[in-house]
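*Asks:* Okay, handing you the structure first.
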Amino acid sequence: MDELSLFRGAPASLVQLEDRLLLRADVVFTGGRSLYEAKASRNASVHCFPSSVDQDHFSSAQRSLPVPADIAAVKSPIVGYFGVIDERIDLELLAATGDLLPEVNFVMIGPIAKIALEDLPQRENIHYLGMRDYQELPNFLQRFDVAMMPFALNDATKFISPTKTLEYMAAGKPIVSTAIRDVVREYADSVAIVDSPDSFADAIRRALATSTPPDYTTILDNTSWDATAKRMRALLEKTLV
């Protein structure tokens with residue numbers, strides 16, 4: 001699911017352990033195209049399964065749900081993120097964009113890992129709401145006017161295929177992302193790709209000025225977890241024959 005050997009603090013033995021596992025495995029699934037390309041030559045049966053989505057769960061954000069008190073207190077417009085806050089997040093980009101858009105509130109939802117609290121940019125319009133239960137995420141997501149993926153472009157993000165892309169889509173939110181390779185290749189027609197605070201701010205302004213909600217129907221129809229599990233099962237049954 002990730003190239004964990006490139007993450008901060010990864011044990012040196014991880015590469016050797018993965019080598020042994022790939023030699024023994026009868027079938028290998030990769031959670032994205034970039035990971036597939038990195039592993040395809042290391043096993044005779046490697047298959048690409050980009051992120052899928054629980055559409056029913058996240059589409060509930062398009063209905064009227066109870067609003068958690070901490071995000072209810074944040075004024076619109078809200079540009080939001082949920083996920084782990086670690087070395088994969090471009091904190092400088094977040095801070096600079098926050099400075100360019102003082103009238104916009106940026107909400108970060110998720111646990112903080114492998115970075116110090118003092119590393120987090122502190123602004124009146126940047127809010128850290130901490131970790132939340134998966135079941136609650138649509139309640140927060142409904143308050144997002146724009147969903148963001150402010151990932152840094154570094155070793156830890158080189159092979160990621162963010163599941164949250166499709167979760168944001170299921171909620172019907174316009175999405176702004178940095179140029180994560182799999183996001184660009186799979187969703188560049190549907191996601192605003194940015195590379196600087198100025199382009200990030202411009203993309204947010206355009207999204208907020210657009211009254212027509214984005215249409216992700218075709219993408220979502222092909223990416224349910226049920227469809228993914230069915231294809232995986234077929235490969236496993238073929239392998240067991």
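Simple scheme: letters A, B, ... for chains in structure tokens order, numbers from 1 for residues in each chain, numbers from 1 for ligands in the order shown.
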With only C-alpha atoms as the counted atoms, please give the residues lying no more than 12 Å from A:Phe58, apart from itself and same-chain residues fewer than 4 positions off, as a list of chain:residue names.
*Replies:*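 Skipping anything fewer than 4 positions along the chain leaves A:Ser52, A:Val53, A:Asp54, A:Gln62, A:Arg63, A:Leu65, A:Tyr134, A:Gln135, A:Glu136, A:Leu137, A:Pro138, A:Asn139, A:Phe140, A:Leu141, A:Gln142, A:Thr163, A:Lys164, A:Thr165, A:Leu166, A:Glu167, A:Tyr168, A:Met169, A:Ala170, A:Ala171, A:Gly172, A:Lys173, A:Leu220, A:Ser224.
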*Asks:* Please identify every residue of stretch 40-135 of chain A that has at least one atom no farther than 8 Å from an atom of stretch 7-28 of chain A, counting only C-alpha atoms, and for each give the shortest atom pair and the distance in Å to one decimal, arranged by chain then increasing number, as a tab-separated table.
*Replies:*
```
residue	atom	partner	partner_atom	distance
A:Arg42	CA	A:Leu22	CA	6.7
A:Asn43	CA	A:Leu22	CA	6.2
A:Ala44	CA	A:Val27	CA	7.9
A:Ser45	CA	A:Val27	CA	5.1
A:Val46	CA	A:Val28	CA	4.6
A:His47	CA	A:Val28	CA	6.2
A:Glu87	CA	A:Arg8	CA	7.4
A:Lys114	CA	A:Arg8	CA	7.4
```
*Asks:* Would you export the selected residues with all heavy atoms as a PDB file, in the first residue's frame, please?
*Replies:*
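This went into selection_15.pdb:
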```pdb
ATOM      1  N   ARG A  42       9.352  -7.851  -9.892  1.00  0.00           N
ATOM      2  CA  ARG A  42       9.907  -8.608  -8.762  1.00  0.00           C
ATOM      3  C   ARG A  42       9.064  -9.814  -8.383  1.00  0.00           C
ATOM      4  O   ARG A  42       9.368 -10.509  -7.420  1.00  0.00           O
ATOM      5  CB  ARG A  42      10.079  -7.671  -7.566  1.00  0.00           C
ATOM      6  CG  ARG A  42      11.073  -6.551  -7.873  1.00  0.00           C
ATOM      7  CD  ARG A  42      11.119  -5.513  -6.792  1.00  0.00           C
ATOM      8  NE  ARG A  42      11.536  -6.080  -5.516  1.00  0.00           N
ATOM      9  CZ  ARG A  42      11.504  -5.404  -4.377  1.00  0.00           C
ATOM     10  NH1 ARG A  42      11.069  -4.156  -4.366  1.00  0.00           N
ATOM     11  NH2 ARG A  42      11.907  -5.973  -3.258  1.00  0.00           N
ATOM     12  N   ASN A  43       7.987 -10.054  -9.139  1.00  0.00           N
ATOM     13  CA  ASN A  43       7.134 -11.208  -8.892  1.00  0.00           C
ATOM     14  C   ASN A  43       6.358 -11.454 -10.175  1.00  0.00           C
ATOM     15  O   ASN A  43       6.014 -10.515 -10.896  1.00  0.00           O
ATOM     16  CB  ASN A  43       6.185 -10.938  -7.712  1.00  0.00           C
ATOM     17  CG  ASN A  43       5.342 -12.141  -7.338  1.00  0.00           C
ATOM     18  OD1 ASN A  43       4.414 -12.514  -8.050  1.00  0.00           O
ATOM     19  ND2 ASN A  43       5.665 -12.753  -6.205  1.00  0.00           N
ATOM     20  N   ALA A  44       6.063 -12.713 -10.458  1.00  0.00           N
ATOM     21  CA  ALA A  44       5.400 -13.052 -11.724  1.00  0.00           C
ATOM     22  C   ALA A  44       3.912 -12.716 -11.736  1.00  0.00           C
ATOM     23  O   ALA A  44       3.277 -12.737 -12.797  1.00  0.00           O
ATOM     24  CB  ALA A  44       5.585 -14.543 -12.015  1.00  0.00           C
ATOM     25  N   SER A  45       3.341 -12.417 -10.565  1.00  0.00           N
ATOM     26  CA  SER A  45       1.898 -12.165 -10.489  1.00  0.00           C
ATOM     27  C   SER A  45       1.626 -10.920  -9.643  1.00  0.00           C
ATOM     28  O   SER A  45       1.160 -10.993  -8.515  1.00  0.00           O
ATOM     29  CB  SER A  45       1.166 -13.378  -9.891  1.00  0.00           C
ATOM     30  OG  SER A  45      -0.241 -13.176  -9.889  1.00  0.00           O
ATOM     31  N   VAL A  46       1.949  -9.752 -10.206  1.00  0.00           N
ATOM     32  CA  VAL A  46       1.701  -8.473  -9.539  1.00  0.00           C
ATOM     33  C   VAL A  46       0.536  -7.781 -10.236  1.00  0.00           C
ATOM     34  O   VAL A  46       0.491  -7.722 -11.464  1.00  0.00           O
ATOM     35  CB  VAL A  46       2.950  -7.558  -9.576  1.00  0.00           C
ATOM     36  CG1 VAL A  46       2.673  -6.247  -8.858  1.00  0.00           C
ATOM     37  CG2 VAL A  46       4.145  -8.264  -8.947  1.00  0.00           C
ATOM     38  N   HIS A  47      -0.417  -7.255  -9.459  1.00  0.00           N
ATOM     39  CA  HIS A  47      -1.635  -6.677 -10.021  1.00  0.00           C
ATOM     40  C   HIS A  47      -1.913  -5.325  -9.373  1.00  0.00           C
ATOM     41  O   HIS A  47      -1.797  -5.175  -8.164  1.00  0.00           O
ATOM     42  CB  HIS A  47      -2.821  -7.614  -9.819  1.00  0.00           C
ATOM     43  CG  HIS A  47      -2.579  -8.994 -10.345  1.00  0.00           C
ATOM     44  ND1 HIS A  47      -2.818  -9.344 -11.658  1.00  0.00           N
ATOM     45  CD2 HIS A  47      -2.075 -10.106  -9.731  1.00  0.00           C
ATOM     46  CE1 HIS A  47      -2.489 -10.617 -11.836  1.00  0.00           C
ATOM     47  NE2 HIS A  47      -2.034 -11.103 -10.688  1.00  0.00           N
ATOM     48  N   GLU A  87       5.308  13.665   7.751  1.00  0.00           N
ATOM     49  CA  GLU A  87       6.280  14.266   6.840  1.00  0.00           C
ATOM     50  C   GLU A  87       5.785  14.335   5.399  1.00  0.00           C
ATOM     51  O   GLU A  87       6.432  14.950   4.549  1.00  0.00           O
ATOM     52  CB  GLU A  87       7.611  13.505   6.901  1.00  0.00           C
ATOM     53  CG  GLU A  87       7.634  12.190   6.127  1.00  0.00           C
ATOM     54  CD  GLU A  87       7.300  10.980   6.976  1.00  0.00           C
ATOM     55  OE1 GLU A  87       6.524  11.136   7.964  1.00  0.00           O
ATOM     56  OE2 GLU A  87       7.803   9.882   6.683  1.00  0.00           O
ATOM     57  N   LYS A 114       5.290  11.577  13.759  1.00  0.00           N
ATOM     58  CA  LYS A 114       6.679  11.705  13.291  1.00  0.00           C
ATOM     59  C   LYS A 114       7.120  13.137  12.990  1.00  0.00           C
ATOM     60  O   LYS A 114       8.139  13.346  12.357  1.00  0.00           O
ATOM     61  CB  LYS A 114       6.941  10.798  12.081  1.00  0.00           C
ATOM     62  CG  LYS A 114       6.806   9.308  12.395  1.00  0.00           C
ATOM     63  CD  LYS A 114       7.146   8.453  11.195  1.00  0.00           C
ATOM     64  CE  LYS A 114       6.089   8.530  10.130  1.00  0.00           C
ATOM     65  NZ  LYS A 114       6.372   7.643   8.976  1.00  0.00           N
TER      66      LYS A 114
END
```
*Asks:* Identify which of the residues A:Leu100, A:Val146, A:Ala234, A:Met131 lies closest to A:Ile78, counting only C-alpha atoms when measuring atom-to-atom distances.
*Replies:*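 Among A:Leu100, A:Val146, A:Ala234, A:Met131, it is A:Val146 that comes nearest to A:Ile78.
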*Asks:* Could you please write out, as a PyMOL selection string, every residue of stretch 43-195 of chain A that DSSP assigns to strand (DSSP E)?
*Replies:* chain A and resi 46-48+78-82+105-109+126-130+146-149+175-178+192-194
*Asks:* As a ChimeraX atom specification, please: the residues near A:Ile115 (cut-off 7 Å, only C-alpha atoms, same-chain neighbours under 2 positions excluded).
*Replies:* /A:86-87,112-113,117,119
*Asks:* Which residue gives the smallest distance to A:Pro66 among A:Arg143, A:Arg206, A:His127, A:Lys158, with only C-alpha atoms counted?
*Replies:*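 Smallest separation from A:Pro66 among the options: A:Arg143.
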*Asks:* Extract the full set of helix (DSSP H, G or I) residues from stretch 58-232 of chain A according to DSSP on the backbone, and format it as an NGL selection string.
*Replies:* :A and (58-62 or 69-72 or 91-100 or 117-119 or 134-141 or 155-157 or 164-170 or 181-187 or 197-209 or 217-221 or 225-232)
*Asks:* Could you jot down the atom CA of A:Leu4 to atom CA of A:Phe49 separation for me, Å, one decimal place?
*Replies:* 17.5 Å
*Asks:* What's the separation between atom CA of A:Arg123 and atom CA of A:Val67, in Å to one decimal place?
*Replies:* 23.3 Å
